[in-house]
file model.tsv (TSV, C-alpha atoms)
chain	number	residue	atom	x	y	z
X	1	MET	CA	0.00	0.00	0.00
X	2	LYS	CA	1.80	3.09	-1.22
X	3	GLY	CA	-0.57	5.58	0.35
X	4	TRP	CA	-4.11	5.97	1.52
X	5	THR	CA	-5.05	9.61	1.17
X	6	SER	CA	-8.75	9.07	0.85
X	7	THR	CA	-12.28	10.37	0.79
X	8	LEU	CA	-14.76	7.71	1.79
X	9	GLY	CA	-18.34	8.60	1.05
X	10	PRO	CA	-21.71	6.90	1.18
X	11	ARG	CA	-21.01	4.62	-1.79
X	12	GLY	CA	-17.55	3.43	-0.80
X	13	PRO	CA	-13.97	4.51	-1.43
X	14	LYS	CA	-14.10	4.46	-5.21
X	15	ASP	CA	-17.35	6.41	-5.46
X	16	ALA	CA	-16.81	8.94	-2.66
X	17	HIS	CA	-18.05	12.48	-3.40
X	18	VAL	CA	-18.49	15.92	-1.54
X	19	ASP	CA	-20.94	18.54	-2.83
X	20	MET	CA	-19.81	21.71	-1.05
X	21	ARG	CA	-22.34	23.85	-2.88
X	22	ARG	CA	-25.16	21.84	-1.32
X	23	ARG	CA	-23.52	21.89	2.11
X	24	LYS	CA	-23.24	18.11	2.11
X	25	VAL	CA	-19.62	17.57	2.82
X	26	SER	CA	-18.75	13.94	3.77
X	27	ALA	CA	-16.41	11.50	5.33
X	28	ALA	CA	-13.34	12.45	3.60
X	29	LEU	CA	-11.27	9.72	5.08
X	30	LEU	CA	-9.43	10.23	5.95
X	31	GLY	CA	11.14	27.46	40.11
X	32	ALA	CA	8.56	24.97	41.48
X	33	PRO	CA	9.71	21.46	42.37
X	34	LEU	CA	8.70	18.49	40.26
X	35	SER	CA	5.76	16.69	41.79
X	36	LEU	CA	7.10	13.14	41.71
X	37	GLY	CA	4.74	10.23	41.69
X	38	TRP	CA	1.69	12.04	43.08
X	39	ALA	CA	-1.38	10.41	41.65
X	40	GLN	CA	-4.91	9.76	42.75
X	41	THR	CA	-7.30	7.20	41.33
X	42	ARG	CA	-10.61	8.99	40.77
X	43	ALA	CA	-12.68	6.10	39.45
X	44	GLN	CA	-12.12	2.37	39.59
X	45	THR	CA	-15.46	0.66	40.07
X	46	ALA	CA	-15.99	-3.07	39.83
X	47	GLY	CA	-16.46	-4.28	36.29
X	48	GLN	CA	-15.44	-0.97	34.73
X	49	PRO	CA	-13.26	-1.53	31.66
X	50	TYR	CA	-10.88	1.31	32.50
X	51	HIS	CA	-9.22	3.13	35.38
X	52	VAL	CA	-8.97	6.91	35.78
X	53	ILE	CA	-5.87	8.39	37.44
X	54	ASP	CA	-5.11	12.09	37.95
X	55	TYR	CA	-1.56	13.44	38.04
X	56	ASP	CA	-0.63	16.88	39.36
X	57	TRP	CA	2.75	17.32	37.74
X	58	VAL	CA	4.89	20.46	37.69
X	59	ASP	CA	7.52	21.08	35.02
X	60	PRO	CA	10.50	22.44	37.04
X	61	THR	CA	12.24	23.94	34.01
X	62	ARG	CA	9.27	26.26	33.38
X	63	SER	CA	7.75	26.42	36.89
X	64	ARG	CA	4.55	25.44	35.13
X	65	PRO	CA	1.90	23.03	36.45
X	66	VAL	CA	0.94	20.30	33.98
X	67	PRO	CA	-2.10	18.47	35.38
X	68	ALA	CA	-3.15	15.35	33.51
X	69	ARG	CA	-5.80	12.64	33.65
X	70	LEU	CA	-5.00	9.13	32.51
X	71	TYR	CA	-7.58	6.67	31.23
X	72	TRP	CA	-5.99	3.24	31.50
X	73	PRO	CA	-7.33	-0.12	30.27
X	74	ALA	CA	-8.50	-2.51	32.98
X	75	GLY	CA	-7.09	-6.01	33.06
X	76	PRO	CA	-3.59	-7.30	32.40
X	77	THR	CA	-1.25	-4.96	30.53
X	78	PRO	CA	2.06	-6.70	29.81
X	79	GLU	CA	5.17	-4.63	29.31
X	80	GLY	CA	5.31	-2.76	26.02
X	81	THR	CA	1.78	-3.64	24.88
X	82	VAL	CA	-0.44	-0.58	25.47
X	83	PRO	CA	-0.71	2.16	22.81
X	84	LEU	CA	-0.94	5.65	24.30
X	85	VAL	CA	-2.80	8.73	23.13
X	86	VAL	CA	-1.68	12.10	24.52
X	87	PHE	CA	-4.68	14.43	24.18
X	88	SER	CA	-4.66	18.25	24.14
X	89	HIS	CA	-7.90	20.11	24.94
X	90	GLY	CA	-9.36	23.14	23.21
X	91	ILE	CA	-9.25	26.67	24.60
X	92	GLY	CA	-10.99	26.89	27.98
X	93	GLY	CA	-10.87	23.12	28.53
X	94	SER	CA	-9.32	20.89	31.18
X	95	ARG	CA	-8.10	17.38	31.85
X	96	GLN	CA	-11.66	16.40	32.74
X	97	GLY	CA	-12.84	17.10	29.22
X	98	TYR	CA	-13.26	14.77	26.24
X	99	SER	CA	-13.97	11.97	28.69
X	100	TYR	CA	-16.02	10.10	26.09
X	101	LEU	CA	-12.85	9.61	24.07
X	102	GLY	CA	-10.69	8.55	27.01
X	103	LYS	CA	-13.31	6.08	28.23
X	104	HIS	CA	-13.92	4.57	24.81
X	105	TRP	CA	-10.29	4.24	23.81
X	106	SER	CA	-9.17	2.78	27.14
X	107	SER	CA	-12.08	0.35	27.06
X	108	HIS	CA	-10.56	-0.92	23.82
X	109	GLY	CA	-7.01	-1.29	25.10
X	110	ILE	CA	-5.60	2.15	24.24
X	111	ALA	CA	-4.54	4.40	27.12
X	112	SER	CA	-5.40	8.11	26.87
X	113	LEU	CA	-3.52	10.83	28.75
X	114	HIS	CA	-5.47	14.12	28.81
X	115	VAL	CA	-3.14	17.08	29.43
X	116	GLN	CA	-4.38	20.35	30.94
X	117	HIS	CA	-2.77	23.56	29.66
X	118	VAL	CA	-2.82	26.09	32.52
X	119	GLY	CA	-2.43	29.16	30.29
X	120	SER	CA	-5.51	28.37	28.20
X	121	ASP	CA	-7.64	26.13	30.41
X	122	ALA	CA	-11.01	26.45	32.16
X	123	LYS	CA	-9.75	29.29	34.37
X	124	LEU	CA	-10.35	31.56	31.39
X	125	TRP	CA	-14.06	31.45	32.22
X	126	SER	CA	-13.47	32.73	35.78
X	127	GLY	CA	-13.30	36.39	36.77
X	128	ASN	CA	-14.88	39.44	35.21
X	129	PRO	CA	-17.23	38.21	32.44
X	130	PHE	CA	-16.69	41.43	30.48
X	131	ALA	CA	-13.00	40.57	30.17
X	132	VAL	CA	-13.45	37.02	28.93
X	133	VAL	CA	-12.83	37.93	25.28
X	134	GLY	CA	-9.53	39.55	26.21
X	135	ARG	CA	-8.53	36.48	28.21
X	136	LEU	CA	-9.37	34.21	25.30
X	137	GLN	CA	-7.40	36.34	22.87
X	138	ALA	CA	-4.39	36.40	25.21
X	139	ALA	CA	-4.54	32.61	25.55
X	140	ALA	CA	-4.47	32.25	21.78
X	141	GLN	CA	-1.11	33.99	21.43
X	142	GLU	CA	1.91	32.23	20.00
X	143	ARG	CA	3.76	31.93	23.30
X	144	GLU	CA	0.92	29.86	24.74
X	145	ALA	CA	0.81	27.65	21.66
X	146	ILE	CA	4.50	26.87	22.16
X	147	ALA	CA	3.97	26.31	25.89
X	148	ARG	CA	1.18	23.86	25.11
X	149	ALA	CA	3.44	21.78	22.90
X	150	ALA	CA	5.99	21.76	25.73
X	151	ASP	CA	3.24	20.52	28.07
X	152	VAL	CA	2.60	17.57	25.77
X	153	ARG	CA	6.28	16.69	25.61
X	154	PHE	CA	6.65	16.97	29.40
X	155	ALA	CA	3.55	14.84	30.06
X	156	LEU	CA	4.81	12.13	27.73
X	157	ASP	CA	8.22	12.24	29.44
X	158	ARG	CA	6.54	11.72	32.81
X	159	MET	CA	4.27	8.97	31.50
X	160	LEU	CA	7.25	7.02	30.19
X	161	SER	CA	9.36	7.61	33.30
X	162	ASP	CA	10.05	5.22	36.15
X	163	GLU	CA	7.72	7.20	38.44
X	164	ILE	CA	4.67	5.75	36.69
X	165	GLY	CA	5.87	2.22	37.40
X	166	GLU	CA	4.16	-0.72	35.72
X	167	ARG	CA	1.86	1.45	33.63
X	168	GLY	CA	4.74	3.39	32.18
X	169	ALA	CA	6.54	0.16	31.37
X	170	ALA	CA	3.42	-1.21	29.67
X	171	VAL	CA	3.25	1.65	27.15
X	172	ASN	CA	4.19	0.63	23.62
X	173	ARG	CA	6.85	3.17	22.59
X	174	GLN	CA	6.20	2.46	18.91
X	175	ARG	CA	2.49	3.27	19.19
X	176	LEU	CA	2.33	6.79	20.63
X	177	ILE	CA	-0.46	8.97	19.23
X	178	ALA	CA	-0.83	12.75	19.55
X	179	ALA	CA	-4.41	14.02	19.53
X	180	GLY	CA	-6.38	17.18	20.18
X	181	HIS	CA	-9.44	19.28	19.43
X	182	SER	CA	-9.48	22.89	18.22
X	183	TYR	CA	-6.55	24.71	19.89
X	184	GLY	CA	-5.49	21.23	20.92
X	185	ALA	CA	-5.47	20.20	17.27
X	186	ASN	CA	-3.04	23.05	16.55
X	187	THR	CA	-0.97	21.86	19.52
X	188	THR	CA	-0.96	18.39	18.03
X	189	LEU	CA	0.14	19.65	14.63
X	190	LEU	CA	3.05	21.50	16.26
X	191	THR	CA	3.95	18.35	18.15
X	192	ILE	CA	4.13	16.23	15.00
X	193	GLY	CA	6.17	18.67	12.95
X	194	ALA	CA	4.39	21.92	12.03
X	195	GLU	CA	6.84	24.83	11.99
X	196	VAL	CA	6.71	28.61	11.75
X	197	VAL	CA	9.49	31.09	11.02
X	198	ARG	CA	9.94	34.17	13.22
X	199	ASP	CA	12.67	36.79	12.63
X	200	GLY	CA	14.50	34.34	10.41
X	201	GLN	CA	14.42	31.58	13.04
X	202	THR	CA	12.43	28.39	12.67
X	203	ILE	CA	10.28	27.54	15.68
X	204	SER	CA	9.92	23.79	15.96
X	205	CYS	CA	8.13	21.86	18.73
X	206	HIS	CA	8.42	18.50	16.99
X	207	ASP	CA	8.42	15.39	19.19
X	208	PRO	CA	9.55	12.48	17.00
X	209	ARG	CA	8.24	9.89	19.43
X	210	PHE	CA	4.70	10.23	18.08
X	211	ALA	CA	3.85	7.81	15.28
X	212	ALA	CA	0.34	9.04	14.36
X	213	ALA	CA	-2.09	11.86	15.14
X	214	VAL	CA	-5.84	12.49	15.54
X	215	ILE	CA	-6.71	16.06	14.46
X	216	ILE	CA	-10.23	17.23	15.43
X	217	SER	CA	-11.47	20.61	14.16
X	218	ALA	CA	-8.06	22.15	13.51
X	219	PRO	CA	-8.12	25.96	13.17
X	220	PRO	CA	-5.79	27.56	10.64
X	221	PHE	CA	-2.39	28.89	11.60
X	222	TYR	CA	-3.60	32.49	11.73
X	223	ASN	CA	-1.50	35.05	9.85
X	224	GLU	CA	0.52	32.33	8.13
X	225	PRO	CA	0.13	32.89	4.36
X	226	ASP	CA	1.81	29.62	3.34
X	227	LEU	CA	0.04	26.78	5.15
X	228	ALA	CA	1.81	24.15	3.06
X	229	ALA	CA	5.17	25.43	4.30
X	230	VAL	CA	3.99	25.33	7.92
X	231	LEU	CA	2.86	21.72	7.59
X	232	SER	CA	5.48	20.43	5.16
X	233	LYS	CA	7.49	18.52	7.79
X	234	ILE	CA	4.60	16.40	9.05
X	235	ALA	CA	5.54	12.81	8.24
X	236	VAL	CA	3.19	10.58	10.27
X	237	PRO	CA	-0.30	9.24	9.48
X	238	THR	CA	-3.07	11.66	10.45
X	239	ILE	CA	-6.84	11.56	10.64
X	240	HIS	CA	-8.83	14.80	10.47
X	241	VAL	CA	-12.39	15.18	11.79
X	242	THR	CA	-14.79	18.06	11.28
X	243	ALA	CA	-18.43	18.88	10.43
X	244	THR	CA	-20.19	21.13	7.95
X	245	GLU	CA	-21.23	23.53	10.75
X	246	ASP	CA	-17.88	23.40	12.54
X	247	VAL	CA	-17.35	27.13	13.16
X	248	ILE	CA	-15.06	28.83	15.70
X	249	GLU	CA	-16.33	32.24	16.86
X	250	ILE	CA	-13.73	34.14	18.89
X	251	PRO	CA	-13.19	37.82	17.97
X	252	GLY	CA	-10.15	37.88	15.72
X	253	TYR	CA	-10.10	34.13	15.36
X	254	ARG	CA	-13.10	33.11	13.28
X	255	SER	CA	-12.72	29.85	11.40
X	256	GLY	CA	-14.99	27.45	9.54
X	257	MET	CA	-14.95	24.01	8.02
X	258	ALA	CA	-13.00	25.18	4.97
X	259	ASP	CA	-10.00	25.78	7.25
X	260	ARG	CA	-10.12	22.14	8.42
X	261	LEU	CA	-10.08	20.98	4.81
X	262	ALA	CA	-7.21	23.35	4.03
X	263	VAL	CA	-5.13	21.86	6.86
X	264	PHE	CA	-5.84	18.37	5.57
X	265	ASN	CA	-4.99	19.34	2.01
X	266	ALA	CA	-1.70	21.04	3.00
X	267	ILE	CA	-0.22	18.01	4.74
X	268	PRO	CA	2.01	16.24	2.21
X	269	HIS	CA	2.15	12.84	3.86
X	270	PRO	CA	-0.04	10.42	1.83
X	271	HIS	CA	-1.28	8.46	4.84
X	272	LYS	CA	-4.08	10.78	5.86
X	273	LEU	CA	-7.85	10.52	6.19
X	274	LEU	CA	-10.60	13.12	6.59
X	275	ALA	CA	-14.07	12.63	8.06
X	276	VAL	CA	-16.77	15.30	7.74
X	277	PHE	CA	-20.11	14.99	9.52
X	278	HIS	CA	-23.21	16.74	8.22
X	279	GLY	CA	-24.43	19.59	10.46
X	280	GLY	CA	-23.24	19.75	14.05
X	281	SER	CA	-21.07	22.44	15.65
X	282	HIS	CA	-17.50	23.07	16.71
X	283	SER	CA	-18.09	22.25	20.37
X	284	MET	CA	-20.03	19.02	19.86
X	285	PHE	CA	-16.65	17.26	19.90
X	286	THR	CA	-16.25	18.31	23.56
X	287	ASP	CA	-18.20	16.71	26.43
X	288	ARG	CA	-21.05	19.19	25.93
X	289	ARG	CA	-24.22	17.19	25.24
X	290	LEU	CA	-26.63	19.59	23.56
X	291	THR	CA	-24.58	21.55	21.04
X	292	GLY	CA	-25.00	20.55	17.42
X	293	GLY	CA	-28.33	18.88	18.10
X	294	LEU	CA	-29.11	16.38	20.86
X	295	ALA	CA	-29.46	13.32	18.62
X	296	LEU	CA	-26.54	14.16	16.34
X	297	ASN	CA	-24.29	15.09	19.26
X	298	VAL	CA	-24.46	11.59	20.73
X	299	LYS	CA	-23.90	9.94	17.37
X	300	VAL	CA	-20.94	12.10	16.40
X	301	LYS	CA	-19.21	11.43	19.71
X	302	ALA	CA	-19.62	7.68	19.27
X	303	ALA	CA	-18.55	7.84	15.63
X	304	THR	CA	-15.49	9.98	16.36
X	305	ALA	CA	-14.28	7.73	19.17
X	306	ASP	CA	-14.75	4.65	17.02
X	307	LEU	CA	-13.21	6.22	13.93
X	308	ALA	CA	-9.94	6.84	15.78
X	309	LEU	CA	-9.72	3.13	16.56
X	310	ALA	CA	-10.33	2.21	12.93
X	311	PHE	CA	-7.71	4.73	11.87
X	312	LEU	CA	-5.15	3.21	14.23
X	313	ASP	CA	-5.90	-0.26	12.85
X	314	LEU	CA	-5.08	1.11	9.42
X	315	ALA	CA	-2.07	3.18	10.48
X	316	PHE	CA	-0.36	0.48	12.55
X	317	GLY	CA	-1.76	-2.76	11.14
X	318	ARG	CA	-2.59	-1.79	7.55
X	319	ASP	CA	-5.99	-3.32	8.24
X	320	ALA	CA	-8.78	-1.44	6.46
X	321	ALA	CA	-11.61	-3.74	7.59
X	322	SER	CA	-12.47	-1.66	10.66
X	323	LEU	CA	-12.63	1.44	8.50
X	324	ALA	CA	-15.03	-0.20	6.07
X	325	ARG	CA	-17.30	-1.26	8.95
X	326	TRP	CA	-17.16	2.24	10.42
X	327	GLN	CA	-18.25	3.78	7.16
X	328	ALA	CA	-21.16	1.36	6.80
X	329	ASN	CA	-22.29	1.99	10.38
X	330	TRP	CA	-22.15	5.79	10.25
X	331	MET	CA	-23.14	6.50	6.66
X	332	PRO	CA	-26.41	8.27	7.64
X	333	ILE	CA	-24.62	11.13	9.44
X	334	LEU	CA	-21.89	11.63	6.87
X	335	ALA	CA	-22.12	14.37	4.31
X	336	ARG	CA	-21.03	13.98	0.69
X	337	THR	CA	-17.76	14.99	-0.93
X	338	PRO	CA	-16.80	16.55	-4.30
X	339	MET	CA	-16.39	14.36	-7.32
X	340	PRO	CA	-12.73	13.31	-7.73
X	341	HIS	CA	-12.24	15.60	-10.73
X	342	GLU	CA	-13.34	18.58	-8.58
X	343	LEU	CA	-10.76	17.87	-5.89
X	344	PRO	CA	-7.18	19.08	-5.62
X	345	ALA	CA	-4.82	16.21	-6.40
X	346	ALA	CA	-3.95	15.63	-2.73
X	347	LEU	CA	-7.64	15.02	-1.94
X	348	ARG	CA	-8.40	12.52	-4.68
X	349	PRO	CA	-9.16	9.05	-3.39
X	350	LEU	CA	-6.53	6.39	-3.96
X	351	PRO	CA	-7.09	2.60	-4.04
X	352	VAL	CA	-7.02	1.08	-0.56

call {"tool": "encode", "arguments": {"input": "model.tsv", "output": "C-alpha cells"}}
result
Amino acid sequence: MKGWTSTLGPRGPKDAHVDMRRRKVSAALLGAPLSLGWAQTRAQTAGQPYHVIDYDWVDPTRSRPVPARLYWPAGPTPEGTVPLVVFSHGIGGSRQGYSYLGKHWSSHGIASLHVQHVGSDAKLWSGNPFAVVGRLQAAAQEREAIARAADVRFALDRMLSDEIGERGAAVNRQRLIAAGHSYGANTTLLTIGAEVVRDGQTISCHDPRFAAAVIISAPPFYNEPDLAAVLSKIAVPTIHVTATEDVIEIPGYRSGMADRLAVFNAIPHPHKLLAVFHGGSHSMFTDRRLTGGLALNVKVKAATADLALAFLDLAFGRDAASLARWQANWMPILARTPMPHELPAALRPLPV
C-alpha cells in the first residue's frame, strides 16, 4: 500500500463524493519542584473496563503546572503492549474534558492521557465576564501555543518515566499517538512537525516519538500565508475530523470548516484521512451534550471515538476492515464529498 489519502463517502472509497455547494460535505477519510509520583485514582469501580488516574505534575524547568488525567485499560497490561494517546484540549478546557474519548479508547485497550494547559484552560471562564474575550485572545497567542506543545512533551516524558511504574513500562513506545481538538489540534500539529518562522528563526516543537495523530477541528495557523510550508514537515499518518457547521467564533479568530479541509490538504504525507459529519457544531466534539443537536451530538461522539480506533488499525496494522465497517455503520450522518475531478490532487481518493 503506497498511500491511503482518501475520501470515503456513502457509496464506498471508489465512489466517494463531496458537494460543497449543497452543504453536504462527507467522510473524507481520511522554580517549582517536580511533583514526583503524586497520583490519585478517581474512578475504579468493579467491572469498569478502564481506570482513571489524575496526576498533578509540575515542570520544574518552566515552573509550570501540567495536570493530567490518565484513562488506562482494565485487566492485564504486559510490558510494552499498550498504545498511548496524549490528548490536548481546546481553549478553555481541562483534563476532565473529552472523557467520552478517554473512556472509549481505554475500554478498547488504548490508554489516553489528557493534558491540561494552565495558560488556556477552564480558568479563562473565571473572573470578570466582560474581560473574557480579552482572556481568550491572550490565551491564543503564540507563546501559549508553544507552551502547550511543551506541556505535551513533558507529560509524555513523565508517562514514560520510572515514576509511573508498571503502567509506564506497559506503554508501547512504537504506538504513541498525539491528539487534540481545536486549539489542541493546533498543539498536536506542532507536536508532530508543524513549523513557523519568526525573525529568520524556525520555531519547531516536533516530538519524533509520536507515530500518528488524531486532528479534530483544527483551526488555521492564523496570519501564516503559506500553510503548506507550515505543515510540510509532518511525516506521520493523520486523521482529520470536522463537520459542515464546525465554526469557531472568537473575535479575531473566526474559522470554519473550509479551514479544516485546508489543513488536511496542505499536509504532504499520503497516509491521511478526513471525516466530515453533516451539520453539528465546533463544540459538539467536547463533552457538551446539547450543542450541534441532541441526537446528532451523541452519534458524532460515538462515531469519532470509534473512527480513531479504525484509523489506528489502518495506520499500525494496515488493516482497512475496521474502516469499512465504520463507514457502513455511520453513513447516515456523513455528508457527501466533491467528485474526484473537482478535488485538488492531494484530496483525490486512492485505491485502498

call {"tool": "closest_residue", "arguments": {"input": "model.tsv", "among": "X:Asn186, X:Ser204, X:Asn172, X:Ser322", "to": "Leu309 in chain X", "atoms": "only C-alpha atoms"}}
result
X:Ser322

call {"tool": "atom_distance", "arguments": {"input": "model.tsv", "atom1": "CA of Gly180 in chain X", "atom2": "CA of Phe316 in chain X"}}
result
19.3 Å

call {"tool": "atom_distance", "arguments": {"input": "model.tsv", "atom1": "CA of Trp326 in chain X", "atom2": "CA of Phe264 in chain X"}}
result
20.3 Å

call {"tool": "atom_distance", "arguments": {"input": "model.tsv", "atom1": "CA of His114 in chain X", "atom2": "CA of Ala275 in chain X"}}
result
22.5 Å

call {"tool": "residues_near_point", "arguments": {"input": "model.tsv", "point": "(14.6, 18.8, 31.9)", "cutoff": "10 Å", "atoms": "only C-alpha atoms", "output": "ChimeraX atom specification"}}
result
/X:59-62,154,157
